[in-house]
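> Dropping in final.txt, which is compact mmCIF, C-alpha atoms:
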# COMPACT_ATOMS: atom_id res chain seq x y z
CA MET K 70 -5.38 -6.83 -5.10
CA THR K 71 -7.98 -5.40 -7.52
CA GLU K 72 -6.93 -4.17 -10.96
CA ILE K 73 -7.33 -0.54 -9.85
CA GLU K 74 -5.15 -1.15 -6.78
CA ALA K 75 -2.53 -2.87 -8.95
CA ARG K 76 -2.48 0.10 -11.35
CA LYS K 77 -2.15 2.57 -8.46
CA GLU K 78 0.71 0.53 -7.02
CA ALA K 79 2.47 0.42 -10.43
CA ALA K 80 2.00 4.19 -10.86
CA SER K 81 3.40 5.01 -7.42
CA ARG K 82 6.32 2.59 -7.96
CA SER K 83 7.05 4.38 -11.25
CA ALA K 84 6.90 7.79 -9.53
CA ARG K 85 9.30 6.53 -6.82
CA LEU K 86 11.74 5.31 -9.51
CA ASP K 87 11.52 8.75 -11.21
CA ALA K 88 12.39 10.47 -7.92
CA VAL K 89 15.22 8.11 -6.96
CA PHE K 90 16.88 8.17 -10.41
CA ALA K 91 16.62 12.00 -10.50
CA ALA K 92 18.13 12.16 -6.98
CA LEU K 93 21.06 9.99 -8.11
CA ALA K 94 21.74 12.16 -11.20
CA ASP K 95 24.03 14.54 -9.33
CA PRO K 96 27.63 14.03 -8.10
CA THR K 97 27.12 15.88 -4.78
CA ARG K 98 24.04 13.81 -3.95
CA ARG K 99 25.86 10.57 -4.86
CA ALA K 100 28.77 11.66 -2.61
CA ILE K 101 26.27 12.27 0.25
CA ILE K 102 24.87 8.74 -0.27
CA GLU K 103 28.42 7.33 -0.29
CA ARG K 104 29.12 9.15 3.02
CA LEU K 105 25.89 7.88 4.62
CA SER K 106 26.49 4.36 3.35
CA ARG K 107 29.48 4.15 5.69
CA SER K 108 27.53 5.38 8.75
CA GLU K 109 24.65 7.67 9.71
CA ALA K 110 25.76 11.26 10.35
CA ARG K 111 24.64 14.72 11.44
CA VAL K 112 23.76 17.25 8.71
CA THR K 113 26.86 19.34 9.57
CA GLU K 114 29.12 16.26 9.33
CA VAL K 115 27.67 15.41 5.92
CA ALA K 116 28.13 18.98 4.70
CA GLU K 117 31.73 19.38 5.96
CA PRO K 118 33.78 17.89 3.05
CA PHE K 119 31.91 19.87 0.37
CA HIS K 120 33.20 23.20 -0.86
CA MET K 121 29.74 24.78 -0.75
CA SER K 122 27.47 26.56 1.72
CA LEU K 123 25.50 24.57 4.31
CA ASN K 124 22.38 25.92 2.59
CA ALA K 125 23.45 24.45 -0.79
CA VAL K 126 24.16 21.04 0.78
CA SER K 127 20.84 21.21 2.66
CA LYS K 128 19.01 21.62 -0.67
CA HIS K 129 20.64 18.43 -1.97
CA ILE K 130 19.73 16.63 1.27
CA ARG K 131 16.09 17.71 0.87
CA VAL K 132 16.03 16.24 -2.68
CA LEU K 133 17.40 12.97 -1.27
CA GLU K 134 14.79 12.98 1.53
CA ALA K 135 11.94 13.70 -0.92
CA SER K 136 13.05 10.74 -3.06
CA GLY K 137 13.05 8.47 0.01
CA VAL K 138 16.76 7.58 -0.36
CA VAL K 139 17.73 9.48 2.81
CA GLU K 140 15.85 9.54 6.13
CA ARG K 141 16.17 12.03 8.99
CA HIS K 142 15.54 11.49 12.67
CA ARG K 143 16.23 13.66 15.73
CA LYS K 144 18.60 12.71 18.52
CA GLY K 145 18.30 15.47 21.12
CA ARG K 146 19.24 18.68 19.28
CA ASP K 147 20.88 16.88 16.35
CA HIS K 148 19.34 15.94 13.04
CA ILE K 149 20.73 12.53 12.08
CA LEU K 150 20.68 11.40 8.44
CA SER K 151 20.74 7.78 7.29
CA ILE K 152 20.21 5.75 4.12
CA ASN K 153 16.93 3.97 3.41
CA THR K 154 18.35 0.96 1.60
CA ARG K 155 14.91 -0.21 0.43
CA SER K 156 14.58 2.76 -1.96
CA LEU K 157 17.82 1.77 -3.70
CA ASP K 158 16.79 -1.90 -3.70
CA GLU K 159 13.84 -0.91 -5.90
CA VAL K 160 16.18 0.80 -8.38
CA ASP K 161 18.50 -2.17 -8.29
CA GLY K 162 15.50 -4.45 -8.88
CA TRP K 163 14.61 -2.53 -12.04
CA ILE K 164 18.18 -2.78 -13.42
CA GLU K 165 18.30 -6.48 -12.50
CA TRP K 166 15.03 -7.05 -14.38
CA MET K 167 16.51 -5.39 -17.50
CA ARG K 168 19.68 -7.42 -17.10
CA CYS K 169 17.66 -10.68 -17.28
CA TYR K 170 16.42 -9.71 -20.74
CA TRP K 171 19.91 -8.81 -22.00
CA LYS K 172 21.37 -11.96 -20.58
CA GLU K 173 18.80 -14.04 -22.48
CA ARG K 174 19.62 -12.14 -25.67
CA LEU K 175 23.38 -12.40 -25.18
CA ASP K 176 23.09 -16.13 -24.41
CA ALA K 177 20.99 -16.64 -27.55
CA MET K 178 23.59 -14.77 -29.64
CA GLU K 179 26.37 -16.88 -28.15
CA ARG K 180 24.48 -20.10 -28.98
CA LEU K 181 23.98 -18.83 -32.53
CA LEU K 182 27.68 -18.04 -32.94
CA ARG K 183 28.69 -21.45 -31.56
CA ALA K 184 26.24 -23.20 -33.90
CA GLN K 185 27.75 -21.30 -36.86
CA GLU K 186 31.28 -22.30 -35.83
CA GLY K 187 30.13 -25.90 -35.95
CA PRO K 188 31.62 -28.89 -34.12
CA MET J 115 47.82 6.28 -15.49
CA THR J 116 49.04 9.64 -14.11
CA GLU J 117 47.11 11.41 -11.34
CA ILE J 118 45.72 13.95 -13.85
CA GLU J 119 44.53 11.16 -16.16
CA ALA J 120 42.93 9.36 -13.19
CA ARG J 121 41.11 12.55 -12.16
CA LYS J 122 39.90 13.11 -15.75
CA GLU J 123 38.65 9.53 -15.91
CA ALA J 124 36.82 9.90 -12.57
CA ALA J 125 35.24 13.18 -13.74
CA SER J 126 34.02 11.72 -17.02
CA ARG J 127 32.72 8.60 -15.24
CA SER J 128 30.79 10.89 -12.88
CA ALA J 129 29.38 12.88 -15.82
CA ARG J 130 28.30 9.62 -17.50
CA LEU J 131 26.53 8.51 -14.29
CA ASP J 132 24.74 11.92 -14.13
CA ALA J 133 23.52 11.49 -17.71
CA VAL J 134 22.43 7.85 -17.32
CA PHE J 135 20.57 8.43 -14.02
CA ALA J 136 18.83 11.51 -15.49
CA ALA J 137 17.88 9.47 -18.58
CA LEU J 138 16.35 6.76 -16.36
CA ALA J 139 14.31 9.29 -14.32
CA ASP J 140 11.35 9.21 -16.71
CA PRO J 141 8.70 6.48 -17.20
CA THR J 142 8.55 6.85 -21.00
CA ARG J 143 12.33 6.51 -21.30
CA ARG J 144 12.33 3.47 -18.98
CA ALA J 145 9.57 1.93 -21.12
CA ILE J 146 11.70 2.52 -24.25
CA ILE J 147 14.64 0.76 -22.56
CA GLU J 148 12.35 -2.14 -21.57
CA ARG J 149 11.20 -2.41 -25.21
CA LEU J 150 14.77 -2.36 -26.55
CA SER J 151 15.93 -4.86 -23.92
CA ARG J 152 13.76 -7.47 -25.63
CA SER J 153 15.14 -6.75 -29.13
CA GLU J 154 16.53 -3.92 -31.24
CA ALA J 155 13.82 -1.99 -33.11
CA ARG J 156 13.10 0.78 -35.60
CA VAL J 157 12.25 4.25 -34.22
CA THR J 158 8.65 3.92 -35.48
CA GLU J 159 8.27 0.51 -33.78
CA VAL J 160 9.56 1.95 -30.51
CA ALA J 161 7.18 4.92 -30.74
CA GLU J 162 4.07 2.89 -31.64
CA PRO J 163 2.76 1.87 -28.16
CA PHE J 164 3.03 5.39 -26.71
CA HIS J 165 0.10 7.78 -26.76
CA MET J 166 2.23 10.68 -27.90
CA SER J 167 3.54 12.22 -31.12
CA LEU J 168 6.53 10.68 -32.93
CA ASN J 169 8.29 14.00 -32.25
CA ALA J 170 7.76 13.67 -28.47
CA VAL J 171 9.06 10.08 -28.47
CA SER J 172 12.04 11.16 -30.62
CA LYS J 173 13.00 13.73 -27.97
CA HIS J 174 13.09 10.98 -25.33
CA ILE J 175 15.17 8.79 -27.68
CA ARG J 176 17.67 11.63 -28.16
CA VAL J 177 18.07 11.96 -24.35
CA LEU J 178 18.73 8.19 -24.18
CA GLU J 179 21.26 8.42 -27.04
CA ALA J 180 23.06 11.40 -25.42
CA SER J 181 23.37 9.42 -22.17
CA GLY J 182 24.88 6.48 -24.06
CA VAL J 183 22.12 4.05 -22.96
CA VAL J 184 20.69 3.75 -26.48
CA GLU J 185 22.64 3.44 -29.73
CA ARG J 186 21.42 4.04 -33.29
CA HIS J 187 22.66 2.49 -36.50
CA ARG J 188 21.32 2.58 -40.06
CA LYS J 189 20.13 -0.45 -41.96
CA GLY J 190 19.26 0.76 -45.45
CA ARG J 191 16.58 3.44 -44.97
CA ASP J 192 15.78 2.41 -41.38
CA HIS J 193 17.20 3.79 -38.16
CA ILE J 194 17.65 0.87 -35.77
CA LEU J 195 17.84 1.47 -32.02
CA SER J 196 19.51 -0.85 -29.53
CA ILE J 197 20.66 -0.86 -25.89
CA ASN J 198 24.27 -0.26 -24.94
CA THR J 199 24.41 -2.57 -21.93
CA ARG J 200 27.81 -1.25 -20.80
CA SER J 201 26.29 2.14 -19.84
CA LEU J 202 23.84 0.42 -17.48
CA ASP J 203 26.59 -1.85 -16.15
CA GLU J 204 28.34 1.27 -14.87
CA VAL J 205 25.18 2.37 -13.02
CA ASP J 206 24.75 -1.13 -11.66
CA GLY J 207 28.40 -1.07 -10.56
CA TRP J 208 27.80 2.08 -8.55
CA ILE J 209 24.74 0.61 -6.77
CA GLU J 210 26.64 -2.64 -6.12
CA TRP J 211 29.49 -0.63 -4.57
CA MET J 212 27.03 1.11 -2.20
CA ARG J 213 25.44 -2.22 -1.40
CA CYS J 214 28.81 -3.60 -0.18
CA TYR J 215 28.98 -0.85 2.43
CA TRP J 216 25.39 -1.47 3.64
CA LYS J 217 25.95 -5.18 3.77
CA GLU J 218 29.00 -4.68 6.00
CA ARG J 219 26.96 -2.40 8.28
CA LEU J 220 23.96 -4.75 8.37
CA ASP J 221 26.24 -7.73 9.11
CA ALA J 222 27.94 -5.78 11.92
CA MET J 223 24.52 -4.88 13.40
CA GLU J 224 23.44 -8.51 13.20
CA ARG J 225 26.62 -9.65 14.99
CA LEU J 226 25.98 -7.01 17.68
CA LEU J 227 22.38 -8.17 18.19
CA ARG J 228 23.46 -11.83 18.39
CA ALA J 229 26.20 -10.95 20.92
CA GLN J 230 23.61 -9.11 23.07
CA GLU J 231 21.27 -12.11 22.95
CA GLY J 232 24.10 -14.20 24.38
CA PRO J 233 24.65 -17.96 24.09
Starting from the coordinates I provided, produce the structure as structure tokens.


Amino acid sequence: MTEIEARKEAASRSARLDAVFAALADPTRRAIIERLSRSEARVTEVAEPFHMSLNAVSKHIRVLEASGVVERHRKGRDHILSINTRSLDEVDGWIEWMRCYWKERLDAMERLLRAQEGP
Amino acid sequence: MTEIEARKEAASRSARLDAVFAALADPTRRAIIERLSRSEARVTEVAEPFHMSLNAVSKHIRVLEASGVVERHRKGRDHILSINTRSLDEVDGWIEWMRCYWKERLDAMERLLRAQEGP
């Protein structure tokens, strides 16, 4: 990979993280993800438990599709929604990466405290 | 915990997740978290690598503080910023919870495929 390609890849990864985190920053959209994590479902099935119009739920679904978290395919006349687990893996990867840093710091602090306590 | 207390707790947990995910949906704010994950730092140190005004960086820092991801304490005349790892643990917990569901589904699909392949 050339340097320019690597920069483009980093930029598009960053843009994907922006979109996924923004998609997750809403309770209705998280509830839709929770529903689809159990099984794929038709749009009307996903919308049913929410006390809002189908149009309002559809807007949330479109945000989830644009972020790549939710995918849509057709089965006859039905639109079936499902989770794209890879998009959330990327988010999880970022948090995991941060966690490595903290863990190092916390371990270092623990060693320091133990050293101060003495034998 | 009474049912009302449990509902209040769930609502405030949901509001915290909204705020943390929204805070993470920006590349500058993620870069600030990455910086603070290595060590705590003064506001001016955090702002230094960014090609933007101190005022613009301060706005991002305030969003991070409001979400609970970043904490500020004073050391003499300096304002020191640090990460509150618990806020990101909660986000990580949510993703981990989703992951359990997918894993169950993926395992079930794998068992189904193996059964179809036969002995």

> Superposition of chain J onto chain K by least squares over all sequentially paired C-alpha atoms; the transformed chain is requested as an mmCIF file with C-alpha atoms, in the coordinates of the input.


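Everything below was put into superposed09.cif:
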data_model
loop_
_atom_site.group_PDB
_atom_site.id
_atom_site.type_symbol
_atom_site.label_atom_id
_atom_site.label_comp_id
_atom_site.auth_asym_id
_atom_site.auth_seq_id
_atom_site.Cartn_x
_atom_site.Cartn_y
_atom_site.Cartn_z
ATOM 1 C CA MET J 115 -5.342 -6.853 -5.121
ATOM 2 C CA THR J 116 -7.940 -5.465 -7.572
ATOM 3 C CA GLU J 117 -6.881 -4.220 -11.016
ATOM 4 C CA ILE J 118 -7.295 -0.580 -9.893
ATOM 5 C CA GLU J 119 -5.123 -1.181 -6.817
ATOM 6 C CA ALA J 120 -2.492 -2.904 -8.991
ATOM 7 C CA ARG J 121 -2.458 0.054 -11.400
ATOM 8 C CA LYS J 122 -2.137 2.520 -8.487
ATOM 9 C CA GLU J 123 0.743 0.498 -7.065
ATOM 10 C CA ALA J 124 2.501 0.400 -10.462
ATOM 11 C CA ALA J 125 2.026 4.172 -10.874
ATOM 12 C CA SER J 126 3.428 4.982 -7.445
ATOM 13 C CA ARG J 127 6.342 2.570 -7.978
ATOM 14 C CA SER J 128 7.086 4.374 -11.254
ATOM 15 C CA ALA J 129 6.921 7.775 -9.523
ATOM 16 C CA ARG J 130 9.313 6.510 -6.823
ATOM 17 C CA LEU J 131 11.764 5.305 -9.509
ATOM 18 C CA ASP J 132 11.558 8.759 -11.208
ATOM 19 C CA ALA J 133 12.396 10.472 -7.914
ATOM 20 C CA VAL J 134 15.235 8.105 -6.951
ATOM 21 C CA PHE J 135 16.906 8.199 -10.398
ATOM 22 C CA ALA J 136 16.635 12.019 -10.476
ATOM 23 C CA ALA J 137 18.127 12.174 -6.959
ATOM 24 C CA LEU J 138 21.077 10.018 -8.082
ATOM 25 C CA ALA J 139 21.755 12.187 -11.174
ATOM 26 C CA ASP J 140 24.033 14.590 -9.300
ATOM 27 C CA PRO J 141 27.629 14.065 -8.071
ATOM 28 C CA THR J 142 27.122 15.925 -4.773
ATOM 29 C CA ARG J 143 24.046 13.844 -3.937
ATOM 30 C CA ARG J 144 25.876 10.612 -4.846
ATOM 31 C CA ALA J 145 28.762 11.701 -2.598
ATOM 32 C CA ILE J 146 26.281 12.293 0.261
ATOM 33 C CA ILE J 147 24.881 8.775 -0.249
ATOM 34 C CA GLU J 148 28.431 7.351 -0.261
ATOM 35 C CA ARG J 149 29.121 9.174 3.032
ATOM 36 C CA LEU J 150 25.902 7.908 4.638
ATOM 37 C CA SER J 151 26.505 4.369 3.363
ATOM 38 C CA ARG J 152 29.488 4.171 5.710
ATOM 39 C CA SER J 153 27.535 5.394 8.770
ATOM 40 C CA GLU J 154 24.655 7.669 9.728
ATOM 41 C CA ALA J 155 25.751 11.270 10.361
ATOM 42 C CA ARG J 156 24.651 14.733 11.450
ATOM 43 C CA VAL J 157 23.757 17.268 8.722
ATOM 44 C CA THR J 158 26.841 19.363 9.593
ATOM 45 C CA GLU J 159 29.111 16.289 9.352
ATOM 46 C CA VAL J 160 27.659 15.431 5.948
ATOM 47 C CA ALA J 161 28.134 19.007 4.712
ATOM 48 C CA GLU J 162 31.715 19.413 5.984
ATOM 49 C CA PRO J 163 33.760 17.934 3.069
ATOM 50 C CA PHE J 164 31.896 19.904 0.384
ATOM 51 C CA HIS J 165 33.157 23.249 -0.850
ATOM 52 C CA MET J 166 29.725 24.814 -0.719
ATOM 53 C CA SER J 167 27.443 26.587 1.753
ATOM 54 C CA LEU J 168 25.477 24.593 4.351
ATOM 55 C CA ASN J 169 22.358 25.950 2.615
ATOM 56 C CA ALA J 170 23.421 24.477 -0.758
ATOM 57 C CA VAL J 171 24.156 21.075 0.812
ATOM 58 C CA SER J 172 20.816 21.217 2.680
ATOM 59 C CA LYS J 173 18.992 21.634 -0.644
ATOM 60 C CA HIS J 174 20.635 18.450 -1.950
ATOM 61 C CA ILE J 175 19.713 16.642 1.295
ATOM 62 C CA ARG J 176 16.075 17.711 0.890
ATOM 63 C CA VAL J 177 16.012 16.252 -2.667
ATOM 64 C CA LEU J 178 17.403 12.974 -1.254
ATOM 65 C CA GLU J 179 14.798 12.980 1.547
ATOM 66 C CA ALA J 180 11.929 13.686 -0.906
ATOM 67 C CA SER J 181 13.062 10.734 -3.047
ATOM 68 C CA GLY J 182 13.063 8.466 0.011
ATOM 69 C CA VAL J 183 16.785 7.598 -0.341
ATOM 70 C CA VAL J 184 17.742 9.495 2.823
ATOM 71 C CA GLU J 185 15.862 9.541 6.128
ATOM 72 C CA ARG J 186 16.174 12.031 8.996
ATOM 73 C CA HIS J 187 15.538 11.482 12.675
ATOM 74 C CA ARG J 188 16.214 13.645 15.731
ATOM 75 C CA LYS J 189 18.557 12.698 18.528
ATOM 76 C CA GLY J 190 18.267 15.446 21.130
ATOM 77 C CA ARG J 191 19.229 18.674 19.328
ATOM 78 C CA ASP J 192 20.859 16.882 16.374
ATOM 79 C CA HIS J 193 19.321 15.932 13.054
ATOM 80 C CA ILE J 194 20.715 12.532 12.085
ATOM 81 C CA LEU J 195 20.686 11.410 8.452
ATOM 82 C CA SER J 196 20.747 7.802 7.291
ATOM 83 C CA ILE J 197 20.200 5.765 4.109
ATOM 84 C CA ASN J 198 16.934 3.993 3.414
ATOM 85 C CA THR J 199 18.352 0.973 1.603
ATOM 86 C CA ARG J 200 14.916 -0.214 0.435
ATOM 87 C CA SER J 201 14.583 2.769 -1.955
ATOM 88 C CA LEU J 202 17.826 1.785 -3.701
ATOM 89 C CA ASP J 203 16.806 -1.882 -3.702
ATOM 90 C CA GLU J 204 13.868 -0.910 -5.907
ATOM 91 C CA VAL J 205 16.209 0.820 -8.386
ATOM 92 C CA ASP J 206 18.529 -2.162 -8.287
ATOM 93 C CA GLY J 207 15.522 -4.426 -8.900
ATOM 94 C CA TRP J 208 14.653 -2.512 -12.047
ATOM 95 C CA ILE J 209 18.218 -2.764 -13.433
ATOM 96 C CA GLU J 210 18.345 -6.472 -12.522
ATOM 97 C CA TRP J 211 15.072 -7.017 -14.408
ATOM 98 C CA MET J 212 16.550 -5.364 -17.536
ATOM 99 C CA ARG J 213 19.704 -7.400 -17.125
ATOM 100 C CA CYS J 214 17.688 -10.664 -17.308
ATOM 101 C CA TYR J 215 16.439 -9.688 -20.757
ATOM 102 C CA TRP J 216 19.953 -8.794 -22.020
ATOM 103 C CA LYS J 217 21.393 -11.959 -20.605
ATOM 104 C CA GLU J 218 18.804 -14.026 -22.490
ATOM 105 C CA ARG J 219 19.638 -12.142 -25.702
ATOM 106 C CA LEU J 220 23.405 -12.427 -25.192
ATOM 107 C CA ASP J 221 23.080 -16.160 -24.427
ATOM 108 C CA ALA J 222 20.964 -16.658 -27.568
ATOM 109 C CA MET J 223 23.585 -14.801 -29.660
ATOM 110 C CA GLU J 224 26.341 -16.932 -28.162
ATOM 111 C CA ARG J 225 24.431 -20.141 -28.981
ATOM 112 C CA LEU J 226 23.937 -18.864 -32.551
ATOM 113 C CA LEU J 227 27.653 -18.100 -32.963
ATOM 114 C CA ARG J 228 28.635 -21.522 -31.573
ATOM 115 C CA ALA J 229 26.150 -23.258 -33.917
ATOM 116 C CA GLN J 230 27.661 -21.376 -36.898
ATOM 117 C CA GLU J 231 31.176 -22.412 -35.865
ATOM 118 C CA GLY J 232 30.008 -26.022 -36.019
ATOM 119 C CA PRO J 233 31.433 -29.054 -34.203
#

> Hey, could you make a per-residue contact list for chain J against chain K with 10 Å as the cut-off, showing the nearest pair of atoms and its distance in Å to one decimal, counting all atoms listed in the file, sorted by chain and number, as a tab-separated table?


residue	atom	partner	partner_atom	distance
J:Ala125	CA	K:Pro96	CA	9.5
J:Ser128	CA	K:Pro96	CA	6.5
J:Ala129	CA	K:Pro96	CA	8.0
J:Arg130	CA	K:Ala94	CA	9.4
J:Leu131	CA	K:Ala94	CA	6.8
J:Asp132	CA	K:Ala94	CA	4.2
J:Ala133	CA	K:Ala94	CA	6.8
J:Val134	CA	K:Ala94	CA	7.5
J:Phe135	CA	K:Ala94	CA	4.8
J:Ala136	CA	K:Ala94	CA	5.2
J:Ala137	CA	K:Phe90	CA	8.3
J:Leu138	CA	K:Phe90	CA	6.1
J:Ala139	CA	K:Asp87	CA	4.2
J:Asp140	CA	K:Asp87	CA	5.5
J:Pro141	CA	K:Ser83	CA	6.5
J:Arg144	CA	K:Ser83	CA	9.4
J:Ile147	CA	K:Met167	CA	8.2
J:Glu148	CA	K:Met167	CA	6.7
J:Arg149	CA	K:Met167	CA	9.8
J:Leu150	CA	K:Trp171	CA	9.4
J:Ser151	CA	K:Tyr170	CA	5.8
J:Arg152	CA	K:Tyr170	CA	6.0
J:Ser153	CA	K:Arg174	CA	7.8
J:Ile197	CA	K:Trp171	CA	8.9
J:Thr199	CA	K:Trp171	CA	7.7
J:Leu202	CA	K:Ile164	CA	7.7
J:Asp203	CA	K:Ile164	CA	8.9
J:Val205	CA	K:Ile164	CA	8.7
J:Asp206	CA	K:Ile164	CA	7.0
J:Trp208	CA	K:Arg99	CA	9.5
J:Ile209	CA	K:Asp161	CA	7.0
J:Glu210	CA	K:Asp161	CA	8.4
J:Trp211	CA	K:Glu103	CA	9.1
J:Met212	CA	K:Ser106	CA	6.5
J:Arg213	CA	K:Ser106	CA	8.2
J:Cys214	CA	K:Ser106	CA	9.0
J:Tyr215	CA	K:Ser106	CA	5.8
J:Trp216	CA	K:Ser106	CA	5.9
J:Lys217	CA	K:Ser106	CA	9.6
J:Glu218	CA	K:Arg107	CA	8.8
J:Arg219	CA	K:Arg107	CA	7.5

> Taking only C-alpha atoms into account, which of J:Ile146, J:Ala229, J:Ile118, J:Ala155 comes nearest Val183 (chain J)?

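Answer, going by the shortest atom-to-atom distance: J:Ile146.
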
> Figure out the distance between CA of Ala180 (chain J) and CA of Arg143 (chain J), please, to one decimal in Å.

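Result for CA of Arg143 (chain J) versus CA of Ala180 (chain J): 12.5 Å, one decimal.
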
> Taking into account all atoms listed in the file, which residue in the set J:Val157, J:Val171, J:Met166, J:Met115 is nearest to Glu185 (chain J)?

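Using all atoms listed in the file, Glu185 (chain J) sits closest to J:Val157.
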
> Between CA of Ser196 (chain J) and CA of Val184 (chain J), what distance in Å does the model show, to one decimal?

5.6 Å

> Grab the CA of Ala79 (chain K) to CA of Val177 (chain J) distance for me, in Å with one decimal place.

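Spanning CA of Ala79 (chain K) to CA of Val177 (chain J) is a straight-line distance of 23.9 Å.
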
> (27.4, 14.5, 9.5) in this file's frame - what residues fall within 7 Å of it? Use all atoms listed in the file and give the answer as a ChimeraX atom specification.

/K:110-116

> With C-alpha atoms retained, write the just-selected residues as an mmCIF file, keeping the file's coordinate frame.


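This is the output file again-v7.cif:
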data_model
loop_
_atom_site.group_PDB
_atom_site.id
_atom_site.type_symbol
_atom_site.label_atom_id
_atom_site.label_comp_id
_atom_site.auth_asym_id
_atom_site.auth_seq_id
_atom_site.Cartn_x
_atom_site.Cartn_y
_atom_site.Cartn_z
ATOM 1 C CA ALA K 110 25.760 11.260 10.350
ATOM 2 C CA ARG K 111 24.640 14.720 11.440
ATOM 3 C CA VAL K 112 23.760 17.250 8.710
ATOM 4 C CA THR K 113 26.860 19.340 9.570
ATOM 5 C CA GLU K 114 29.120 16.260 9.330
ATOM 6 C CA VAL K 115 27.670 15.410 5.920
ATOM 7 C CA ALA K 116 28.130 18.980 4.700
#

> Any chance you could model all heavy atoms for region 157-163 of chain J and send them as an mmCIF file, in the frame of the given file?


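The resulting rebuild-v1.cif:
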data_model
loop_
_atom_site.group_PDB
_atom_site.id
_atom_site.type_symbol
_atom_site.label_atom_id
_atom_site.label_comp_id
_atom_site.auth_asym_id
_atom_site.auth_seq_id
_atom_site.Cartn_x
_atom_site.Cartn_y
_atom_site.Cartn_z
ATOM 1 N N VAL J 157 12.802 3.133 -34.993
ATOM 2 C CA VAL J 157 12.250 4.250 -34.220
ATOM 3 C C VAL J 157 10.719 4.204 -34.219
ATOM 4 O O VAL J 157 10.081 4.355 -33.174
ATOM 5 C CB VAL J 157 12.753 5.605 -34.791
ATOM 6 C CG1 VAL J 157 12.070 6.772 -34.106
ATOM 7 C CG2 VAL J 157 14.272 5.718 -34.635
ATOM 8 N N THR J 158 10.123 3.940 -35.382
ATOM 9 C CA THR J 158 8.650 3.920 -35.480
ATOM 10 C C THR J 158 8.057 2.780 -34.649
ATOM 11 O O THR J 158 6.995 2.947 -34.047
ATOM 12 C CB THR J 158 8.190 3.780 -36.946
ATOM 13 O OG1 THR J 158 8.966 2.728 -37.548
ATOM 14 C CG2 THR J 158 8.380 5.062 -37.711
ATOM 15 N N GLU J 159 8.743 1.638 -34.601
ATOM 16 C CA GLU J 159 8.270 0.510 -33.780
ATOM 17 C C GLU J 159 8.324 0.868 -32.294
ATOM 18 O O GLU J 159 7.422 0.512 -31.520
ATOM 19 C CB GLU J 159 9.158 -0.730 -34.003
ATOM 20 C CG GLU J 159 8.958 -1.410 -35.341
ATOM 21 C CD GLU J 159 9.993 -2.520 -35.574
ATOM 22 O OE1 GLU J 159 11.162 -2.376 -35.132
ATOM 23 O OE2 GLU J 159 9.625 -3.519 -36.210
ATOM 24 N N VAL J 160 9.407 1.554 -31.914
ATOM 25 C CA VAL J 160 9.560 1.950 -30.510
ATOM 26 C C VAL J 160 8.452 2.936 -30.124
ATOM 27 O O VAL J 160 7.881 2.865 -29.036
ATOM 28 C CB VAL J 160 10.956 2.580 -30.272
ATOM 29 C CG1 VAL J 160 11.042 3.250 -28.909
ATOM 30 C CG2 VAL J 160 12.043 1.514 -30.401
ATOM 31 N N ALA J 161 8.149 3.852 -31.041
ATOM 32 C CA ALA J 161 7.180 4.920 -30.740
ATOM 33 C C ALA J 161 5.741 4.409 -30.678
ATOM 34 O O ALA J 161 4.915 4.968 -29.955
ATOM 35 C CB ALA J 161 7.293 6.023 -31.797
ATOM 36 N N GLU J 162 5.462 3.336 -31.427
ATOM 37 C CA GLU J 162 4.070 2.890 -31.640
ATOM 38 C C GLU J 162 3.202 2.758 -30.385
ATOM 39 O O GLU J 162 2.095 3.286 -30.361
ATOM 40 C CB GLU J 162 4.090 1.565 -32.417
ATOM 41 C CG GLU J 162 2.857 1.369 -33.269
ATOM 42 C CD GLU J 162 2.433 -0.090 -33.281
ATOM 43 O OE1 GLU J 162 3.302 -0.954 -33.374
ATOM 44 O OE2 GLU J 162 1.216 -0.327 -33.144
ATOM 45 N N PRO J 163 3.662 2.071 -29.304
ATOM 46 C CA PRO J 163 2.760 1.870 -28.160
ATOM 47 C C PRO J 163 2.473 3.120 -27.329
ATOM 48 O O PRO J 163 1.583 3.090 -26.478
ATOM 49 C CB PRO J 163 3.492 0.814 -27.302
ATOM 50 C CG PRO J 163 4.904 0.836 -27.744
ATOM 51 C CD PRO J 163 4.939 1.352 -29.129
#
